[in-house]
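Colleague: File follows, upload01.tsv with TSV, N, CA and C atoms:
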```tsv
chain	number	residue	atom	x	y	z
A	254	MET	N	-0.96	-47.01	-14.11
A	254	MET	CA	-0.93	-46.43	-12.78
A	254	MET	C	-1.63	-47.37	-11.82
A	255	ASN	N	-0.97	-47.67	-10.76
A	255	ASN	CA	-1.48	-48.58	-9.77
A	255	ASN	C	-2.45	-47.85	-8.84
A	256	LEU	N	-3.35	-48.59	-8.24
A	256	LEU	CA	-4.34	-48.00	-7.35
A	256	LEU	C	-3.70	-47.47	-6.08
A	257	LYS	N	-2.56	-48.01	-5.67
A	257	LYS	CA	-1.90	-47.57	-4.44
A	257	LYS	C	-1.09	-46.29	-4.64
A	258	ASP	N	-0.82	-45.89	-5.87
A	258	ASP	CA	-0.04	-44.68	-6.12
A	258	ASP	C	-0.72	-43.43	-5.56
A	259	PRO	N	-2.00	-43.17	-5.83
A	259	PRO	CA	-2.63	-41.98	-5.25
A	259	PRO	C	-2.68	-42.02	-3.71
A	260	VAL	N	-2.80	-43.20	-3.15
A	260	VAL	CA	-2.83	-43.32	-1.70
A	260	VAL	C	-1.47	-42.95	-1.13
A	261	LYS	N	-0.39	-43.40	-1.76
A	261	LYS	CA	0.96	-43.04	-1.31
A	261	LYS	C	1.16	-41.53	-1.44
A	262	TRP	N	0.73	-40.97	-2.59
A	262	TRP	CA	0.88	-39.53	-2.81
A	262	TRP	C	0.11	-38.75	-1.75
A	263	ASN	N	-1.11	-39.18	-1.46
A	263	ASN	CA	-1.93	-38.50	-0.45
A	263	ASN	C	-1.29	-38.59	0.93
A	264	THR	N	-0.71	-39.72	1.27
A	264	THR	CA	-0.05	-39.89	2.56
A	264	THR	C	1.16	-38.96	2.67
A	265	ARG	N	1.94	-38.88	1.62
A	265	ARG	CA	3.12	-38.03	1.65
A	265	ARG	C	2.75	-36.54	1.77
A	266	VAL	N	1.75	-36.12	1.02
A	266	VAL	CA	1.31	-34.72	1.08
A	266	VAL	C	0.74	-34.42	2.46
A	267	SER	N	0.00	-35.32	3.04
A	267	SER	CA	-0.54	-35.13	4.38
A	267	SER	C	0.57	-34.99	5.41
A	268	ALA	N	1.63	-35.78	5.26
A	268	ALA	CA	2.75	-35.70	6.19
A	268	ALA	C	3.46	-34.34	6.07
A	269	VAL	N	3.66	-33.86	4.85
A	269	VAL	CA	4.30	-32.56	4.65
A	269	VAL	C	3.42	-31.44	5.22
A	270	TYR	N	2.11	-31.54	5.00
A	270	TYR	CA	1.17	-30.55	5.52
A	270	TYR	C	1.19	-30.53	7.05
A	271	ALA	N	1.17	-31.71	7.66
A	271	ALA	CA	1.20	-31.81	9.12
A	271	ALA	C	2.50	-31.24	9.68
A	272	LEU	N	3.61	-31.52	9.02
A	272	LEU	CA	4.89	-30.98	9.46
A	272	LEU	C	4.88	-29.46	9.41
A	273	GLY	N	4.33	-28.88	8.35
A	273	GLY	CA	4.25	-27.43	8.22
A	273	GLY	C	3.37	-26.81	9.28
A	274	ILE	N	2.22	-27.40	9.54
A	274	ILE	CA	1.30	-26.86	10.55
A	274	ILE	C	1.92	-26.93	11.93
A	275	TRP	N	2.53	-28.07	12.26
A	275	TRP	CA	3.13	-28.20	13.59
A	275	TRP	C	4.34	-27.27	13.75
A	276	THR	N	5.05	-27.02	12.67
A	276	THR	CA	6.15	-26.06	12.73
A	276	THR	C	5.63	-24.66	13.01
A	277	MET	N	4.53	-24.29	12.35
A	277	MET	CA	3.94	-22.97	12.56
A	277	MET	C	3.40	-22.83	13.98
A	278	VAL	N	2.71	-23.83	14.47
A	278	VAL	CA	2.17	-23.79	15.84
A	278	VAL	C	3.31	-23.76	16.86
A	279	GLY	N	4.35	-24.56	16.64
A	279	GLY	CA	5.49	-24.58	17.55
A	279	GLY	C	6.24	-23.26	17.54
A	280	SER	N	6.39	-22.63	16.38
A	280	SER	CA	7.07	-21.34	16.31
A	280	SER	C	6.28	-20.27	17.06
A	281	TYR	N	4.97	-20.28	16.89
A	281	TYR	CA	4.13	-19.31	17.60
A	281	TYR	C	4.25	-19.51	19.12
A	282	ALA	N	4.20	-20.76	19.55
A	282	ALA	CA	4.31	-21.04	20.98
A	282	ALA	C	5.69	-20.62	21.51
A	283	PHE	N	6.73	-20.88	20.75
A	283	PHE	CA	8.07	-20.51	21.18
A	283	PHE	C	8.21	-19.00	21.31
A	284	PHE	N	7.77	-18.25	20.31
A	284	PHE	CA	7.89	-16.80	20.36
A	284	PHE	C	6.99	-16.20	21.43
A	285	LYS	N	5.84	-16.79	21.65
A	285	LYS	CA	4.96	-16.30	22.71
A	285	LYS	C	5.59	-16.59	24.09
A	286	TYR	N	6.22	-17.73	24.25
A	286	TYR	CA	6.84	-18.12	25.51
A	286	TYR	C	8.07	-17.27	25.81
A	287	THR	N	8.87	-16.98	24.78
A	287	THR	CA	10.08	-16.20	25.01
A	287	THR	C	9.80	-14.70	25.07
A	288	GLY	N	8.61	-14.27	24.71
A	288	GLY	CA	8.25	-12.86	24.81
A	288	GLY	C	8.60	-12.05	23.58
A	289	ARG	N	9.02	-12.69	22.54
A	289	ARG	CA	9.38	-11.95	21.32
A	289	ARG	C	8.15	-11.55	20.53
A	290	TYR	N	7.02	-12.16	20.81
A	290	TYR	CA	5.80	-11.89	20.05
A	290	TYR	C	4.84	-11.02	20.85
A	291	ASP	N	5.31	-10.32	21.86
A	291	ASP	CA	4.43	-9.48	22.65
A	291	ASP	C	3.91	-8.32	21.82
A	292	GLU	N	2.61	-8.14	21.89
A	292	GLU	CA	2.02	-7.02	21.17
A	292	GLU	C	2.15	-5.78	22.05
A	293	THR	N	2.34	-4.65	21.42
A	293	THR	CA	2.50	-3.42	22.18
A	293	THR	C	1.14	-2.99	22.72
A	294	LYS	N	1.12	-2.68	24.00
A	294	LYS	CA	-0.12	-2.28	24.63
A	294	LYS	C	-0.18	-0.77	24.82
A	295	GLY	N	0.96	-0.11	24.71
A	295	GLY	CA	1.01	1.34	24.89
A	295	GLY	C	0.67	2.07	23.61
A	296	GLU	N	0.72	3.37	23.72
A	296	GLU	CA	0.42	4.21	22.58
A	296	GLU	C	1.62	4.25	21.65
A	297	VAL	N	1.38	4.05	20.39
A	297	VAL	CA	2.43	4.08	19.40
A	297	VAL	C	2.51	5.50	18.85
A	298	ARG	N	3.68	6.10	18.97
A	298	ARG	CA	3.86	7.45	18.48
A	298	ARG	C	4.45	7.41	17.08
A	299	GLN	N	3.88	8.20	16.24
A	299	GLN	CA	4.43	8.34	14.91
A	299	GLN	C	4.74	9.80	14.68
A	300	GLU	N	5.96	10.04	14.31
A	300	GLU	CA	6.35	11.41	14.05
A	300	GLU	C	5.91	11.79	12.64
A	301	ILE	N	5.22	12.89	12.56
A	301	ILE	CA	4.76	13.37	11.26
A	301	ILE	C	5.61	14.56	10.88
A	302	GLU	N	6.32	14.41	9.80
A	302	GLU	CA	7.15	15.50	9.32
A	302	GLU	C	6.31	16.42	8.44
A	303	GLU	N	6.39	17.67	8.71
A	303	GLU	CA	5.75	18.64	7.84
A	303	GLU	C	6.74	18.97	6.73
A	304	PRO	N	6.34	18.76	5.50
A	304	PRO	CA	7.29	19.06	4.42
A	304	PRO	C	7.55	20.55	4.33
A	305	GLU	N	8.80	20.88	4.06
A	305	GLU	CA	9.16	22.28	3.96
A	305	GLU	C	8.62	22.90	2.68
A	306	ASP	N	8.34	22.09	1.69
A	306	ASP	CA	7.81	22.58	0.42
A	306	ASP	C	6.35	22.11	0.31
A	307	PRO	N	5.40	23.01	0.04
A	307	PRO	CA	4.00	22.57	-0.05
A	307	PRO	C	3.74	21.67	-1.26
A	308	ASN	N	4.62	21.66	-2.24
A	308	ASN	CA	4.47	20.81	-3.41
A	308	ASN	C	5.13	19.45	-3.22
A	309	LYS	N	5.51	19.13	-1.99
A	309	LYS	CA	6.23	17.90	-1.71
A	309	LYS	C	5.44	17.09	-0.69
A	310	GLU	N	5.22	15.81	-1.01
A	310	GLU	CA	4.53	14.91	-0.08
A	310	GLU	C	5.46	13.75	0.24
A	311	VAL	N	5.51	13.37	1.51
A	311	VAL	CA	6.38	12.30	1.96
A	311	VAL	C	5.50	11.20	2.54
A	312	TYR	N	5.67	9.97	2.04
A	312	TYR	CA	4.98	8.80	2.56
A	312	TYR	C	6.03	7.85	3.13
A	313	LYS	N	5.87	7.49	4.40
A	313	LYS	CA	6.82	6.59	5.04
A	313	LYS	C	6.10	5.31	5.44
A	314	THR	N	6.76	4.20	5.20
A	314	THR	CA	6.30	2.91	5.69
A	314	THR	C	7.45	2.31	6.48
A	315	ALA	N	7.25	1.09	6.95
A	315	ALA	CA	8.29	0.44	7.73
A	315	ALA	C	9.51	0.12	6.88
A	316	HIS	N	9.31	-0.04	5.58
A	316	HIS	CA	10.41	-0.48	4.73
A	316	HIS	C	10.81	0.51	3.65
A	317	SER	N	10.05	1.58	3.50
A	317	SER	CA	10.39	2.51	2.42
A	317	SER	C	9.98	3.93	2.76
A	318	LYS	N	10.53	4.86	2.02
A	318	LYS	CA	10.18	6.26	2.14
A	318	LYS	C	10.00	6.79	0.72
A	319	THR	N	8.82	7.33	0.43
A	319	THR	CA	8.52	7.82	-0.89
A	319	THR	C	8.29	9.32	-0.83
A	320	ILE	N	8.96	10.03	-1.69
A	320	ILE	CA	8.82	11.49	-1.77
A	320	ILE	C	8.25	11.82	-3.14
A	321	ILE	N	7.11	12.52	-3.14
A	321	ILE	CA	6.49	12.95	-4.39
A	321	ILE	C	6.59	14.46	-4.46
A	322	ILE	N	7.17	14.95	-5.54
A	322	ILE	CA	7.31	16.39	-5.73
A	322	ILE	C	6.47	16.79	-6.94
A	323	TYR	N	5.51	17.67	-6.70
A	323	TYR	CA	4.63	18.14	-7.76
A	323	TYR	C	5.21	19.41	-8.36
A	324	LYS	N	4.97	19.60	-9.65
A	324	LYS	CA	5.39	20.83	-10.31
A	324	LYS	C	4.55	21.99	-9.77
A	325	LYS	N	5.09	23.18	-9.84
A	325	LYS	CA	4.43	24.32	-9.24
A	325	LYS	C	3.10	24.63	-9.91
A	326	ASP	N	3.05	24.73	-11.23
A	326	ASP	CA	1.83	25.06	-11.95
A	326	ASP	C	1.32	23.86	-12.74
A	327	PHE	N	1.30	22.70	-12.14
A	327	PHE	CA	0.89	21.49	-12.83
A	327	PHE	C	-0.63	21.44	-12.96
A	328	VAL	N	-1.11	21.11	-14.16
A	328	VAL	CA	-2.54	20.94	-14.42
A	328	VAL	C	-2.77	19.44	-14.62
A	329	PRO	N	-3.66	18.83	-13.85
A	329	PRO	CA	-3.90	17.39	-14.00
A	329	PRO	C	-4.39	17.04	-15.41
A	330	TYR	N	-4.09	15.83	-15.83
A	330	TYR	CA	-4.45	15.40	-17.18
A	330	TYR	C	-5.96	15.37	-17.36
A	331	SER	N	-6.70	15.03	-16.33
A	331	SER	CA	-8.16	15.01	-16.46
A	331	SER	C	-8.68	16.41	-16.74
A	332	ARG	N	-8.12	17.43	-16.13
A	332	ARG	CA	-8.53	18.82	-16.38
A	332	ARG	C	-8.13	19.25	-17.78
A	333	ARG	N	-6.96	18.80	-18.25
A	333	ARG	CA	-6.52	19.13	-19.60
A	333	ARG	C	-7.47	18.55	-20.64
A	334	ILE	N	-7.86	17.28	-20.45
A	334	ILE	CA	-8.79	16.64	-21.39
A	334	ILE	C	-10.14	17.34	-21.35
A	335	TYR	N	-10.61	17.65	-20.14
A	335	TYR	CA	-11.88	18.35	-20.00
A	335	TYR	C	-11.85	19.71	-20.71
A	336	ASN	N	-10.78	20.47	-20.53
A	336	ASN	CA	-10.66	21.76	-21.20
A	336	ASN	C	-10.59	21.61	-22.71
A	337	PHE	N	-9.92	20.55	-23.18
A	337	PHE	CA	-9.83	20.32	-24.62
A	337	PHE	C	-11.20	20.02	-25.20
A	338	ILE	N	-11.98	19.18	-24.54
A	338	ILE	CA	-13.32	18.84	-25.03
A	338	ILE	C	-14.24	20.05	-24.94
A	339	GLN	N	-14.11	20.84	-23.90
A	339	GLN	CA	-14.93	22.04	-23.75
A	339	GLN	C	-14.62	23.06	-24.83
A	340	SER	N	-13.41	23.03	-25.39
A	340	SER	CA	-13.06	24.00	-26.43
A	340	SER	C	-13.86	23.78	-27.70
A	341	PHE	N	-14.40	22.56	-27.91
A	341	PHE	CA	-15.21	22.27	-29.09
A	341	PHE	C	-16.65	22.77	-28.95
A	342	SER	N	-17.09	23.06	-27.74
A	342	SER	CA	-18.48	23.47	-27.54
A	342	SER	C	-18.72	24.90	-28.00
A	343	GLY	N	-17.69	25.68	-28.17
A	343	GLY	CA	-17.83	27.03	-28.65
A	343	GLY	C	-18.13	28.04	-27.57
A	344	GLU	N	-18.31	27.59	-26.36
A	344	GLU	CA	-18.56	28.51	-25.25
A	344	GLU	C	-17.24	29.09	-24.77
A	345	PRO	N	-17.26	30.36	-24.37
A	345	PRO	CA	-16.00	30.92	-23.86
A	345	PRO	C	-15.63	30.27	-22.54
A	346	GLU	N	-14.33	30.20	-22.31
A	346	GLU	CA	-13.85	29.62	-21.06
A	346	GLU	C	-14.23	30.51	-19.89
A	347	PRO	N	-14.62	29.92	-18.78
A	347	PRO	CA	-14.97	30.76	-17.63
A	347	PRO	C	-13.72	31.43	-17.08
A	348	ARG	N	-13.84	32.71	-16.82
A	348	ARG	CA	-12.72	33.46	-16.27
A	348	ARG	C	-12.81	33.45	-14.76
A	349	PRO	N	-11.68	33.39	-14.10
A	349	PRO	CA	-11.74	33.38	-12.64
A	349	PRO	C	-12.24	34.72	-12.11
A	350	GLY	N	-13.23	34.63	-11.27
A	350	GLY	CA	-13.80	35.83	-10.68
A	350	GLY	C	-13.18	36.11	-9.33
A	351	PRO	N	-13.73	37.09	-8.64
A	351	PRO	CA	-13.19	37.37	-7.30
A	351	PRO	C	-13.46	36.20	-6.36
A	352	GLY	N	-12.46	35.83	-5.61
A	352	GLY	CA	-12.61	34.74	-4.64
A	352	GLY	C	-12.23	33.38	-5.20
A	353	ASP	N	-11.99	33.28	-6.51
A	353	ASP	CA	-11.61	32.00	-7.07
A	353	ASP	C	-10.16	31.66	-6.81
A	354	GLY	N	-9.32	32.68	-6.75
A	354	GLY	CA	-7.92	32.44	-6.44
A	354	GLY	C	-7.22	31.71	-7.56
A	355	ASP	N	-6.09	31.08	-7.23
A	355	ASP	CA	-5.33	30.31	-8.22
A	355	ASP	C	-5.81	28.88	-8.17
A	356	LYS	N	-6.61	28.51	-9.12
A	356	LYS	CA	-7.09	27.12	-9.19
A	356	LYS	C	-6.53	26.45	-10.40
```
Starting from the coordinates I provided, produce the structure as structure tokens.
Modeller:
Amino acid sequence: MNLKDPVKWNTRVSAVYALGIWTMVGSYAFFKYTGRYDETKGEVRQEIEEPEDPNKEVYKTAHSKTIIIYKKDFVPYSRRIYNFIQSFSGEPEPRPGPGDGDK
């Protein structure tokens, strides 16, 4: 390997880097000049849809819409594991009292 090889490589990489930076700066200047890059100064309204089903959650982004539907009587896995481990302690399960509702 010759001593001038790394210098040539460094020069070429520097030229590609400079071309990329100047392209990015030029694109920003062009879009700013033409008005395509104007930031919105007004209030951005987002419509919030209330789901018709309380077990349904809707998440919207600019590129996707995700709908999550939960089962009606679903018990989370963490609660299931907790109840399973509590069953070994020999204590009776707590019964829902007045005011506890459906938990």
Colleague: Between atom N of Lys309 in chain A and atom N of Pro329 in chain A, what is the spacing in Å?
Modeller: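 That distance, rounded to one decimal, is 15.0 Å.
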Colleague: For CA of Val260 in chain A and CA of Thr276 in chain A, determine how far apart the two atoms are, in Å to one decimal place.
Modeller: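 A separation of 24.2 Å between them.
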Colleague: Please report the interatomic distance between CA of Glu310 in chain A and atom C of Lys324 in chain A in Å with one decimal.
Modeller: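 A separation of 12.0 Å between them.
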Colleague: How about completing range 256-267 of chain A with all heavy atoms and giving it to me as a short mmCIF file (atom, residue, chain, number, x, y, z; two decimals), in the frame of the given file?
Modeller:
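part30.cif was written with the following content:
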```cif
data_model
loop_
_atom_site.label_atom_id
_atom_site.label_comp_id
_atom_site.auth_asym_id
_atom_site.auth_seq_id
_atom_site.Cartn_x
_atom_site.Cartn_y
_atom_site.Cartn_z
N LEU A 256 -3.35 -48.59 -8.24
CA LEU A 256 -4.34 -48.00 -7.35
C LEU A 256 -3.70 -47.47 -6.08
O LEU A 256 -4.19 -46.52 -5.47
CB LEU A 256 -5.41 -49.05 -7.00
CG LEU A 256 -6.58 -48.56 -6.15
CD1 LEU A 256 -7.33 -47.45 -6.87
CD2 LEU A 256 -7.51 -49.68 -5.78
N LYS A 257 -2.56 -48.01 -5.67
CA LYS A 257 -1.90 -47.57 -4.44
C LYS A 257 -1.09 -46.29 -4.64
O LYS A 257 -0.68 -45.67 -3.66
CB LYS A 257 -1.01 -48.68 -3.90
CG LYS A 257 -1.80 -49.88 -3.42
CD LYS A 257 -0.91 -50.89 -2.76
CE LYS A 257 -1.75 -52.05 -2.25
NZ LYS A 257 -0.94 -53.02 -1.55
N ASP A 258 -0.82 -45.89 -5.87
CA ASP A 258 -0.04 -44.68 -6.12
C ASP A 258 -0.72 -43.43 -5.56
O ASP A 258 -0.05 -42.63 -4.89
CB ASP A 258 0.26 -44.52 -7.61
CG ASP A 258 1.31 -45.50 -8.10
OD1 ASP A 258 2.04 -46.05 -7.24
OD2 ASP A 258 1.40 -45.70 -9.32
N PRO A 259 -2.00 -43.17 -5.83
CA PRO A 259 -2.63 -41.98 -5.25
C PRO A 259 -2.68 -42.02 -3.71
O PRO A 259 -2.58 -40.99 -3.05
CB PRO A 259 -4.05 -41.97 -5.82
CG PRO A 259 -3.98 -42.81 -7.05
CD PRO A 259 -2.90 -43.81 -6.79
N VAL A 260 -2.80 -43.20 -3.15
CA VAL A 260 -2.83 -43.32 -1.70
C VAL A 260 -1.47 -42.95 -1.13
O VAL A 260 -1.38 -42.24 -0.11
CB VAL A 260 -3.23 -44.76 -1.28
CG1 VAL A 260 -3.14 -44.94 0.22
CG2 VAL A 260 -4.64 -45.09 -1.78
N LYS A 261 -0.39 -43.40 -1.76
CA LYS A 261 0.96 -43.04 -1.31
C LYS A 261 1.16 -41.53 -1.44
O LYS A 261 1.72 -40.89 -0.54
CB LYS A 261 2.02 -43.76 -2.15
CG LYS A 261 2.18 -45.22 -1.84
CD LYS A 261 3.27 -45.80 -2.71
CE LYS A 261 3.41 -47.29 -2.50
NZ LYS A 261 4.44 -47.86 -3.37
N TRP A 262 0.73 -40.97 -2.59
CA TRP A 262 0.88 -39.53 -2.81
C TRP A 262 0.11 -38.75 -1.75
O TRP A 262 0.61 -37.78 -1.19
CB TRP A 262 0.36 -39.20 -4.21
CG TRP A 262 0.46 -37.75 -4.55
CD1 TRP A 262 1.54 -37.10 -5.02
CD2 TRP A 262 -0.57 -36.78 -4.41
NE1 TRP A 262 1.26 -35.78 -5.21
CE2 TRP A 262 -0.04 -35.55 -4.83
CE3 TRP A 262 -1.89 -36.82 -3.99
CZ2 TRP A 262 -0.78 -34.38 -4.84
CZ3 TRP A 262 -2.63 -35.65 -3.99
CH2 TRP A 262 -2.07 -34.46 -4.41
N ASN A 263 -1.11 -39.18 -1.46
CA ASN A 263 -1.93 -38.50 -0.45
C ASN A 263 -1.29 -38.59 0.93
O ASN A 263 -1.29 -37.62 1.69
CB ASN A 263 -3.34 -39.11 -0.43
CG ASN A 263 -4.29 -38.30 0.42
OD1 ASN A 263 -4.06 -37.14 0.69
ND2 ASN A 263 -5.38 -38.94 0.85
N THR A 264 -0.71 -39.72 1.27
CA THR A 264 -0.05 -39.89 2.56
C THR A 264 1.16 -38.96 2.67
O THR A 264 1.36 -38.32 3.71
CB THR A 264 0.39 -41.36 2.75
OG1 THR A 264 -0.75 -42.20 2.59
CG2 THR A 264 1.00 -41.58 4.10
N ARG A 265 1.94 -38.88 1.62
CA ARG A 265 3.12 -38.03 1.65
C ARG A 265 2.75 -36.54 1.77
O ARG A 265 3.36 -35.80 2.54
CB ARG A 265 3.95 -38.24 0.39
CG ARG A 265 4.60 -39.61 0.35
CD ARG A 265 5.30 -39.85 -0.95
NE ARG A 265 5.82 -41.21 -1.00
CZ ARG A 265 6.04 -41.88 -2.11
NH1 ARG A 265 5.80 -41.33 -3.28
NH2 ARG A 265 6.51 -43.10 -2.06
N VAL A 266 1.75 -36.12 1.02
CA VAL A 266 1.31 -34.72 1.08
C VAL A 266 0.74 -34.42 2.46
O VAL A 266 0.98 -33.35 3.02
CB VAL A 266 0.29 -34.42 -0.03
CG1 VAL A 266 -0.39 -33.08 0.17
CG2 VAL A 266 0.96 -34.48 -1.39
N SER A 267 0.00 -35.32 3.04
CA SER A 267 -0.54 -35.13 4.38
C SER A 267 0.57 -34.99 5.41
O SER A 267 0.47 -34.18 6.34
CB SER A 267 -1.45 -36.30 4.76
OG SER A 267 -2.54 -36.37 3.89
#
```
